[in-house]
file model.tsv (TSV, C-alpha atoms and all ligand atoms)
chain	number	residue	atom	x	y	z
A	1	MET	CA	0.00	0.00	0.00
A	2	SER	CA	1.41	3.41	-0.97
A	3	LYS	CA	1.85	6.04	1.71
A	4	ASN	CA	-1.00	8.09	0.19
A	5	LYS	CA	-3.35	5.08	0.10
A	6	PHE	CA	-2.40	4.14	3.67
A	7	SER	CA	-3.23	7.67	4.88
A	8	LYS	CA	-6.65	7.52	3.19
A	9	TYR	CA	-7.29	4.07	4.69
A	10	PHE	CA	-6.26	5.30	8.14
A	11	LEU	CA	-8.53	8.36	7.81
A	12	PHE	CA	-11.45	6.13	6.78
A	13	VAL	CA	-10.97	3.84	9.79
A	14	LEU	CA	-10.65	6.85	12.09
A	15	LEU	CA	-13.88	8.39	10.76
A	16	GLY	CA	-15.67	5.07	11.24
A	17	ALA	CA	-14.49	4.86	14.83
A	18	VAL	CA	-15.65	8.42	15.55
A	19	CYS	CA	-19.11	7.65	14.09
A	20	LEU	CA	-19.45	4.50	16.18
A	21	SER	CA	-18.46	6.43	19.33
A	22	VAL	CA	-21.07	9.12	18.65
A	23	VAL	CA	-23.77	6.46	18.18
A	24	ALA	CA	-22.66	4.75	21.41
A	25	ILE	CA	-22.85	8.05	23.33
A	26	ILE	CA	-26.34	8.79	21.95
A	27	GLN	CA	-27.50	5.28	22.85
A	28	THR	CA	-26.14	5.66	26.39
A	29	ASN	CA	-27.95	8.98	26.82
A	30	THR	CA	-31.30	7.94	25.39
A	31	GLY	CA	-31.57	4.26	26.22
A	32	SER	CA	-31.40	3.28	22.58
A	33	ILE	CA	-32.23	5.09	19.41
A	34	GLY	CA	-35.96	5.29	18.79
A	35	LYS	CA	-36.84	3.58	22.06
A	36	VAL	CA	-38.16	5.58	24.94
A	37	LYS	CA	-38.62	5.17	28.67
A	38	GLY	CA	-41.82	3.45	29.74
A	39	ASP	CA	-43.26	0.34	28.23
A	40	PHE	CA	-43.76	1.26	24.59
A	41	ALA	CA	-42.45	3.54	21.91
A	42	VAL	CA	-44.03	6.82	20.82
A	43	GLY	CA	-47.23	6.21	18.91
A	44	ASP	CA	-47.80	2.60	19.94
A	45	ALA	CA	-50.79	1.23	18.05
A	46	GLY	CA	-53.95	1.15	20.11
A	47	LYS	CA	-52.52	2.70	23.26
A	48	LEU	CA	-52.83	6.15	24.73
A	49	LYS	CA	-50.24	7.11	27.27
A	50	VAL	CA	-50.14	9.96	29.81
A	51	ILE	CA	-47.00	10.66	31.81
A	52	PHE	CA	-47.20	12.89	34.85
A	53	PHE	CA	-43.67	14.21	35.28
A	54	ASP	CA	-42.06	14.65	38.67
A	55	VAL	CA	-41.07	18.31	38.29
A	56	GLY	CA	-41.03	19.18	41.99
A	57	GLN	CA	-43.65	21.63	43.23
A	58	GLY	CA	-45.56	22.21	40.00
A	59	ASP	CA	-47.37	20.48	37.14
A	60	ALA	CA	-46.23	19.05	33.81
A	61	SER	CA	-47.76	16.12	31.95
A	62	LEU	CA	-47.42	14.65	28.49
A	63	ILE	CA	-50.14	12.87	26.53
A	64	ILE	CA	-49.03	10.64	23.65
A	65	THR	CA	-51.86	9.39	21.45
A	66	PRO	CA	-51.81	6.00	19.68
A	67	GLY	CA	-50.87	7.80	16.46
A	68	GLY	CA	-48.02	9.68	18.14
A	69	GLU	CA	-49.58	13.13	18.67
A	70	LYS	CA	-48.08	14.86	21.69
A	71	ILE	CA	-49.85	17.24	24.03
A	72	LEU	CA	-47.85	18.86	26.83
A	73	THR	CA	-49.91	20.38	29.63
A	74	ASP	CA	-47.92	22.88	31.72
A	75	GLY	CA	-44.14	22.92	32.10
A	76	GLY	CA	-43.37	22.96	35.82
A	77	PRO	CA	-41.35	25.48	37.85
A	78	ASP	CA	-37.98	25.14	36.07
A	79	ASN	CA	-36.34	23.38	33.11
A	80	THR	CA	-36.71	19.83	34.50
A	81	VAL	CA	-39.37	19.28	31.84
A	82	ILE	CA	-36.67	19.42	29.13
A	83	ARG	CA	-34.83	16.49	30.74
A	84	LYS	CA	-38.13	14.62	31.12
A	85	LEU	CA	-39.12	15.11	27.48
A	86	GLY	CA	-35.65	13.86	26.51
A	87	GLU	CA	-36.21	10.70	28.57
A	88	TYR	CA	-39.55	9.84	26.97
A	89	LEU	CA	-39.16	11.01	23.39
A	90	PRO	CA	-36.55	9.85	20.89
A	91	TYR	CA	-33.68	12.38	20.66
A	92	TYR	CA	-34.61	13.30	17.09
A	93	ASP	CA	-38.25	14.04	17.93
A	94	LYS	CA	-38.54	17.78	18.56
A	95	LYS	CA	-42.21	18.20	17.74
A	96	ILE	CA	-44.97	18.92	20.27
A	97	ASP	CA	-48.40	19.16	18.64
A	98	TYR	CA	-50.14	21.12	21.40
A	99	ILE	CA	-49.03	22.96	24.50
A	100	ILE	CA	-51.83	23.60	26.98
A	101	LEU	CA	-51.06	26.21	29.64
A	102	SER	CA	-53.61	25.73	32.41
A	103	HIS	CA	-52.84	29.14	33.97
A	104	PRO	CA	-49.79	31.38	34.16
A	105	HIS	CA	-48.49	30.76	37.70
A	106	ALA	CA	-44.72	30.14	37.70
A	107	ASP	CA	-45.04	26.47	38.77
A	108	HIS	CA	-46.93	25.80	35.51
A	109	VAL	CA	-45.47	28.15	32.92
A	110	THR	CA	-41.73	28.46	33.64
A	111	GLY	CA	-40.51	25.25	31.96
A	112	LEU	CA	-42.62	25.96	28.88
A	113	ASP	CA	-40.36	28.85	27.86
A	114	GLU	CA	-37.44	26.50	27.18
A	115	VAL	CA	-39.81	24.02	25.48
A	116	LEU	CA	-40.87	26.81	23.10
A	117	ARG	CA	-37.20	27.58	22.39
A	118	ARG	CA	-36.18	23.96	21.74
A	119	TYR	CA	-39.25	22.29	20.25
A	120	GLN	CA	-41.36	22.85	17.20
A	121	VAL	CA	-44.79	23.54	18.71
A	122	GLY	CA	-47.92	23.20	16.56
A	123	LYS	CA	-50.34	25.21	18.68
A	124	VAL	CA	-50.58	26.83	22.11
A	125	ILE	CA	-53.86	26.56	23.99
A	126	THR	CA	-54.41	29.03	26.82
A	127	THR	CA	-56.92	31.47	28.31
A	128	GLY	CA	-55.12	34.73	27.49
A	129	ILE	CA	-55.57	35.82	31.10
A	130	LEU	CA	-53.67	38.92	32.22
A	131	HIS	CA	-50.60	38.37	34.37
A	132	THR	CA	-47.32	40.25	34.43
A	133	ALA	CA	-44.81	37.78	35.92
A	134	PRO	CA	-41.60	37.61	33.79
A	135	ASP	CA	-41.89	33.90	32.91
A	136	TYR	CA	-45.38	34.39	31.51
A	137	LEU	CA	-44.41	37.53	29.58
A	138	GLU	CA	-41.48	35.59	28.09
A	139	PHE	CA	-43.88	32.76	27.17
A	140	LEU	CA	-46.14	35.21	25.30
A	141	ASP	CA	-43.14	36.84	23.64
A	142	LEU	CA	-41.74	33.49	22.41
A	143	ILE	CA	-45.12	32.54	20.93
A	144	LYS	CA	-45.12	35.81	19.02
A	145	GLN	CA	-41.49	35.52	17.89
A	146	LYS	CA	-42.05	31.98	16.61
A	147	ASN	CA	-45.42	32.78	15.11
A	148	ILE	CA	-47.11	29.84	16.85
A	149	PRO	CA	-50.91	29.65	16.42
A	150	VAL	CA	-52.80	30.29	19.67
A	151	GLU	CA	-56.23	29.05	20.64
A	152	ILE	CA	-58.01	30.83	23.47
A	153	ILE	CA	-60.39	28.66	25.47
A	154	ASP	CA	-63.56	30.61	26.20
A	155	SER	CA	-66.29	28.01	25.67
A	156	ARG	CA	-66.86	24.27	25.95
A	157	GLU	CA	-65.12	23.36	22.74
A	158	GLY	CA	-63.03	20.31	21.91
A	159	ILE	CA	-60.15	19.08	19.81
A	160	GLU	CA	-60.09	15.82	17.95
A	161	LEU	CA	-56.90	13.81	18.20
A	162	ASP	CA	-55.97	10.73	16.21
A	163	SER	CA	-57.46	7.27	16.78
A	164	GLY	CA	-60.73	8.74	18.08
A	165	ALA	CA	-59.06	10.30	21.14
A	166	ARG	CA	-60.31	13.77	22.01
A	167	ILE	CA	-60.03	16.61	24.47
A	168	ASP	CA	-63.14	18.44	25.68
A	169	PHE	CA	-62.58	21.71	27.49
A	170	LEU	CA	-64.90	22.11	30.47
A	171	TYR	CA	-63.54	25.37	31.87
A	172	PRO	CA	-63.43	28.30	31.35
A	173	ASP	CA	-66.75	28.56	29.56
A	174	LYS	CA	-66.37	32.31	29.07
A	175	SER	CA	-63.52	34.54	28.00
A	176	PHE	CA	-60.79	35.50	30.47
A	177	ALA	CA	-58.66	36.98	27.70
A	178	GLY	CA	-57.12	40.28	28.77
A	179	THR	CA	-58.76	40.16	32.19
A	180	LYS	CA	-57.06	40.18	35.56
A	181	MET	CA	-58.16	37.67	38.18
A	182	GLU	CA	-57.74	37.96	41.90
A	183	ASN	CA	-57.18	34.23	42.20
A	184	LEU	CA	-55.36	33.01	39.07
A	185	ASN	CA	-56.03	29.40	40.05
A	186	ASN	CA	-59.67	29.97	39.20
A	187	GLY	CA	-58.65	30.91	35.67
A	188	SER	CA	-57.29	27.38	35.11
A	189	ILE	CA	-58.23	25.38	32.07
A	190	ALA	CA	-59.93	22.11	33.04
A	191	TYR	CA	-60.44	19.43	30.39
A	192	LYS	CA	-61.47	15.88	29.84
A	193	LEU	CA	-59.39	13.52	27.72
A	194	SER	CA	-61.19	10.51	26.26
A	195	TYR	CA	-59.95	7.51	24.37
A	196	ALA	CA	-62.63	4.95	23.48
A	197	SER	CA	-64.25	4.10	26.83
A	198	THR	CA	-61.44	5.50	29.04
A	199	THR	CA	-61.42	9.02	30.48
A	200	TYR	CA	-59.04	11.39	32.23
A	201	LEU	CA	-59.90	14.67	33.96
A	202	PHE	CA	-57.25	17.40	34.17
A	203	MET	CA	-58.07	20.12	36.68
A	204	GLY	CA	-55.08	22.48	36.59
A	205	ASP	CA	-55.17	24.45	39.85
A	206	LEU	CA	-58.91	25.11	39.71
A	207	GLU	CA	-60.29	25.77	43.18
A	208	ASN	CA	-63.90	26.46	42.24
A	209	GLU	CA	-64.59	22.92	41.12
A	210	GLU	CA	-68.09	23.37	42.59
A	211	TYR	CA	-68.86	25.28	39.39
A	212	LEU	CA	-68.24	22.10	37.38
A	213	SER	CA	-70.23	20.03	39.90
A	214	SER	CA	-73.24	22.28	39.31
A	215	THR	CA	-72.90	22.90	35.55
A	216	THR	CA	-71.51	19.61	34.18
A	217	PRO	CA	-72.16	16.98	36.87
A	218	LEU	CA	-72.89	14.15	34.48
A	219	ILE	CA	-69.66	14.28	32.51
A	220	LEU	CA	-67.19	14.47	35.39
A	221	LYS	CA	-66.91	10.72	36.06
A	222	SER	CA	-63.39	9.73	34.99
A	223	ASP	CA	-61.02	6.79	35.29
A	224	VAL	CA	-58.07	9.04	36.09
A	225	LEU	CA	-58.15	12.39	37.89
A	226	LYS	CA	-55.21	14.78	37.77
A	227	VAL	CA	-56.19	16.19	41.15
A	228	GLY	CA	-56.73	19.97	41.20
A	229	HIS	CA	-54.26	22.40	42.78
A	230	HIS	CA	-51.67	19.80	43.85
A	231	GLY	CA	-54.22	18.09	46.11
A	232	SER	CA	-55.01	21.24	48.11
A	233	ALA	CA	-57.86	21.03	50.61
A	234	ASN	CA	-59.06	24.40	49.22
A	235	ALA	CA	-60.02	22.58	46.04
A	236	ASN	CA	-61.42	19.08	45.59
A	237	ASP	CA	-64.60	19.27	47.64
A	238	LYS	CA	-66.35	16.09	48.62
A	239	GLU	CA	-69.26	16.32	46.18
A	240	PHE	CA	-66.91	16.97	43.25
A	241	LEU	CA	-64.68	14.00	44.12
A	242	LYS	CA	-67.77	11.80	44.39
A	243	LEU	CA	-68.94	12.88	40.93
A	244	VAL	CA	-65.52	12.15	39.42
A	245	SER	CA	-65.11	8.95	41.42
A	246	PRO	CA	-61.73	8.12	39.85
A	247	ASN	CA	-59.99	4.75	39.92
A	248	PHE	CA	-56.66	6.58	39.94
A	249	ALA	CA	-55.91	9.98	41.47
A	250	ILE	CA	-52.67	11.67	40.42
A	251	ILE	CA	-51.25	14.37	42.68
A	252	SER	CA	-48.43	16.43	41.22
A	253	VAL	CA	-46.64	17.85	44.22
A	254	GLY	CA	-43.12	18.70	45.43
A	255	ALA	CA	-41.41	16.69	48.16
A	256	SER	CA	-41.33	18.61	51.49
A	257	ASN	CA	-43.18	21.57	49.99
A	258	THR	CA	-43.90	24.44	52.36
A	259	TYR	CA	-47.58	24.76	51.38
A	260	GLY	CA	-48.73	21.64	53.24
A	261	LEU	CA	-49.76	19.97	49.99
A	262	PRO	CA	-51.52	17.69	49.40
A	263	GLY	CA	-54.23	18.41	51.97
A	264	PHE	CA	-55.11	15.70	54.44
A	265	ARG	CA	-58.84	16.02	53.76
A	266	THR	CA	-58.31	15.53	50.01
A	267	LEU	CA	-56.26	12.38	50.57
A	268	HIS	CA	-58.83	11.06	53.03
A	269	GLU	CA	-61.78	11.64	50.72
A	270	LEU	CA	-60.05	10.21	47.66
A	271	GLY	CA	-59.19	7.14	49.75
A	272	GLN	CA	-62.78	6.81	50.97
A	273	ASP	CA	-64.00	6.89	47.37
A	274	GLY	CA	-61.68	3.98	46.61
A	275	ALA	CA	-59.20	5.82	44.40
A	276	GLN	CA	-55.67	4.55	44.14
A	277	ILE	CA	-53.52	7.60	44.85
A	278	PHE	CA	-50.23	8.31	43.06
A	279	ARG	CA	-48.02	11.22	44.13
A	280	THR	CA	-45.08	12.53	42.16
A	281	ASP	CA	-43.23	13.41	45.38
A	282	GLU	CA	-43.22	9.77	46.49
A	283	GLY	CA	-42.23	7.85	43.45
A	284	GLY	CA	-41.09	10.03	40.57
A	285	ASP	CA	-42.97	10.00	37.27
A	286	ILE	CA	-46.36	8.31	36.93
A	287	GLU	CA	-47.49	6.69	33.72
A	288	CYS	CA	-51.09	5.89	32.83
A	289	VAL	CA	-51.71	3.70	29.81
A	290	SER	CA	-55.08	3.08	28.19
A	291	ASP	CA	-55.91	0.45	25.61
A	292	GLY	CA	-59.32	2.06	25.11
A	293	MET	CA	-61.05	-0.41	27.43
A	294	ARG	CA	-59.10	0.19	30.59
A	295	ALA	CA	-56.70	2.77	31.95
A	296	ASN	CA	-53.98	1.66	34.34
A	297	CYS	CA	-51.46	3.82	36.20
A	298	THR	CA	-48.04	2.80	37.50
A	299	LYS	CA	-45.08	4.49	39.09
A	300	LEU	CA	-41.96	4.61	36.98
A	301	ALA	CA	-38.59	4.17	38.65
A	302	LYS	CA	-36.82	7.45	39.42
B	1	ZN	ZN	-49.77	25.18	40.81
call {"tool": "encode", "arguments": {"input": "model.tsv", "output": "structure tokens"}}
result
Amino acid sequence: MSKNKFSKYFLFVLLGAVCLSVVAIIQTNTGSIGKVKGDFAVGDAGKLKVIFFDVGQGDASLIITPGGEKILTDGGPDNTVIRKLGEYLPYYDKKIDYIILSHPHADHVTGLDEVLRRYQVGKVITTGILHTAPDYLEFLDLIKQKNIPVEIIDSREGIELDSGARIDFLYPDKSFAGTKMENLNNGSIAYKLSYASTTYLFMGDLENEEYLSSTTPLILKSDVLKVGHHGSANANDKEFLKLVSPNFAIISVGASNTYGLPGFRTLHELGQDGAQIFRTDEGGDIECVSDGMRANCTKLAK
């Protein structure tokens, strides 16, 4: 082999080795290419998956439909959500179909700013409520900069997802756009997710759940309840919990939080109704999987 040929051969081998190392590093960081944490890959036929992320004291959850549509509700109090999305989605998947911001308190909106910077977001769903905290203003600014379509929830509308899954917004049923609210929690979006005969109720931080008990009592029954306001005893009154009567109650709450959350009364009443309670502060992320007939929730290892 001539010196020139040998150099080319050496360069080729070296490039090959570098490529293999890069692939090995990616596989170490993501599990393996295309595979994600949990028990099935993104867009698994026939299954709808909801992951409630452990983001400390805050809320962030990801719905993945059977066809692979992704809906992120809230982003938690910091950028933990970016790490979580990286654990559950393949490294090359940077698309989120919908972001739903329940309300603009920092423990719900902060992580979404970095999601908007790093991911291609199809649509943002929010109430347009007035609030001047920096994280929320940045959120609004990023939406504008990136020209992302926005849908304001001001009536009981719905969105159709693939495979017959759908989201029906229950609250607000009037416009809060441009208005200031004394208690921002009561400006939270609440919605019901359905897939065939399984149902999930997402309550944001809504504390006037009595309004839903009186206006939509017959559609509250759900298999899975994302408990309102981190399980606070100010929300989740007895009659409401009875109407929902969930098999699984998910409480997104920070370990050793200083707010005394979740409330003892809420835990007691959920337990009395026979709900199996999952808390993000006790076991990390929680995954609920539905095959259309049955929804089942499990704790994922930290
Ligand atoms: Zn909150």
call {"tool": "residues_near_ligand", "arguments": {"input": "model.tsv", "ligand": "ligand ZN 1 (chain B)", "cutoff": "9 Å", "atoms": "only C-alpha atoms and all ligand atoms", "output": "compact mmCIF listing (two decimals) with C-alpha atoms, in the coordinates of the input"}}
result
# COMPACT_ATOMS: atom_id res chain seq x y z
CA GLN A 57 -43.65 21.63 43.23
CA GLY A 58 -45.56 22.21 40.00
CA ASP A 59 -47.37 20.48 37.14
CA GLY A 76 -43.37 22.96 35.82
CA PRO A 77 -41.35 25.48 37.85
CA HIS A 103 -52.84 29.14 33.97
CA HIS A 105 -48.49 30.76 37.70
CA ALA A 106 -44.72 30.14 37.70
CA ASP A 107 -45.04 26.47 38.77
CA HIS A 108 -46.93 25.80 35.51
CA ASN A 185 -56.03 29.40 40.05
CA GLY A 204 -55.08 22.48 36.59
CA ASP A 205 -55.17 24.45 39.85
CA GLY A 228 -56.73 19.97 41.20
CA HIS A 229 -54.26 22.40 42.78
CA HIS A 230 -51.67 19.80 43.85
CA SER A 252 -48.43 16.43 41.22
CA VAL A 253 -46.64 17.85 44.22
call {"tool": "atom_distance", "arguments": {"input": "model.tsv", "atom1": "atom CA of A:Ile51", "atom2": "atom CA of A:Glu287"}}
result
4.4 Å
call {"tool": "residues_around", "arguments": {"input": "model.tsv", "residues": "stretch 256-271 of chain A", "least_positions_apart": "3", "cutoff": "8 Å", "atoms": "only C-alpha atoms", "output": "number ranges by chain"}}
result
A: 57, 230-233, 236-238, 241, 249, 251, 253, 274-277
call {"tool": "closest_residue", "arguments": {"input": "model.tsv", "among": "A:Asp285, A:Glu209, A:Ser163, A:Lys221", "to": "A:Leu85", "atoms": "all atoms listed in the file"}}
result
A:Asp285
call {"tool": "atom_distance", "arguments": {"input": "model.tsv", "atom1": "atom CA of A:Pro172", "atom2": "atom CA of A:Ile125"}}
result
12.2 Å
call {"tool": "atom_distance", "arguments": {"input": "model.tsv", "atom1": "atom CA of A:Glu239", "atom2": "atom CA of A:Phe176"}}
result
26.2 Å
call {"tool": "closest_residue", "arguments": {"input": "model.tsv", "among": "A:Asn208, A:Val244, A:Ala177, A:Thr280", "to": "A:Lys192", "atoms": "only C-alpha atoms"}}
result
A:Val244
call {"tool": "decode", "arguments": {"input": "model.tsv", "residues": "stretch 283-297 of chain A", "atoms": "N, CA, C and O atoms", "output": "mmCIF file, in the first residue's frame"}}
result
data_model
loop_
_atom_site.group_PDB
_atom_site.id
_atom_site.type_symbol
_atom_site.label_atom_id
_atom_site.label_comp_id
_atom_site.auth_asym_id
_atom_site.auth_seq_id
_atom_site.Cartn_x
_atom_site.Cartn_y
_atom_site.Cartn_z
ATOM 1 N N GLY A 283 -42.805 8.895 44.289
ATOM 2 C CA GLY A 283 -42.225 7.852 43.445
ATOM 3 C C GLY A 283 -41.766 8.303 42.083
ATOM 4 O O GLY A 283 -41.649 7.505 41.176
ATOM 5 N N GLY A 284 -41.510 9.577 41.889
ATOM 6 C CA GLY A 284 -41.087 10.033 40.571
ATOM 7 C C GLY A 284 -42.246 10.094 39.591
ATOM 8 O O GLY A 284 -43.385 10.346 39.984
ATOM 9 N N ASP A 285 -41.954 9.846 38.316
ATOM 10 C CA ASP A 285 -42.972 9.996 37.265
ATOM 11 C C ASP A 285 -44.052 8.910 37.385
ATOM 12 O O ASP A 285 -43.783 7.800 37.859
ATOM 13 N N ILE A 286 -45.237 9.268 36.917
ATOM 14 C CA ILE A 286 -46.358 8.314 36.930
ATOM 15 C C ILE A 286 -46.874 8.177 35.503
ATOM 16 O O ILE A 286 -47.099 9.183 34.825
ATOM 17 N N GLU A 287 -47.045 6.936 35.091
ATOM 18 C CA GLU A 287 -47.493 6.692 33.718
ATOM 19 C C GLU A 287 -48.858 6.007 33.734
ATOM 20 O O GLU A 287 -49.045 5.021 34.464
ATOM 21 N N CYS A 288 -49.791 6.535 32.968
ATOM 22 C CA CYS A 288 -51.093 5.890 32.827
ATOM 23 C C CYS A 288 -51.249 5.481 31.370
ATOM 24 O O CYS A 288 -51.078 6.299 30.462
ATOM 25 N N VAL A 289 -51.579 4.224 31.165
ATOM 26 C CA VAL A 289 -51.708 3.697 29.809
ATOM 27 C C VAL A 289 -53.128 3.174 29.619
ATOM 28 O O VAL A 289 -53.658 2.474 30.485
ATOM 29 N N SER A 290 -53.726 3.551 28.495
ATOM 30 C CA SER A 290 -55.076 3.083 28.194
ATOM 31 C C SER A 290 -55.075 2.325 26.872
ATOM 32 O O SER A 290 -54.491 2.783 25.885
ATOM 33 N N ASP A 291 -55.752 1.180 26.872
ATOM 34 C CA ASP A 291 -55.908 0.450 25.609
ATOM 35 C C ASP A 291 -57.287 0.726 25.006
ATOM 36 O O ASP A 291 -57.713 0.065 24.067
ATOM 37 N N GLY A 292 -57.983 1.699 25.587
ATOM 38 C CA GLY A 292 -59.320 2.056 25.106
ATOM 39 C C GLY A 292 -60.408 1.418 25.952
ATOM 40 O O GLY A 292 -61.503 1.959 26.082
ATOM 41 N N MET A 293 -60.086 0.267 26.558
ATOM 42 C CA MET A 293 -61.053 -0.413 27.427
ATOM 43 C C MET A 293 -60.788 -0.080 28.886
ATOM 44 O O MET A 293 -61.700 0.059 29.695
ATOM 45 N N ARG A 294 -59.498 0.043 29.200
ATOM 46 C CA ARG A 294 -59.099 0.185 30.590
ATOM 47 C C ARG A 294 -57.885 1.092 30.682
ATOM 48 O O ARG A 294 -56.972 1.001 29.852
ATOM 49 N N ALA A 295 -57.888 1.951 31.702
ATOM 50 C CA ALA A 295 -56.697 2.768 31.952
ATOM 51 C C ALA A 295 -56.027 2.221 33.206
ATOM 52 O O ALA A 295 -56.700 1.841 34.164
ATOM 53 N N ASN A 296 -54.710 2.166 33.165
ATOM 54 C CA ASN A 296 -53.982 1.660 34.336
ATOM 55 C C ASN A 296 -52.775 2.559 34.598
ATOM 56 O O ASN A 296 -52.067 2.936 33.673
ATOM 57 N N CYS A 297 -52.561 2.920 35.861
ATOM 58 C CA CYS A 297 -51.458 3.815 36.195
ATOM 59 C C CYS A 297 -50.408 3.073 37.004
ATOM 60 O O CYS A 297 -50.729 2.218 37.827
#
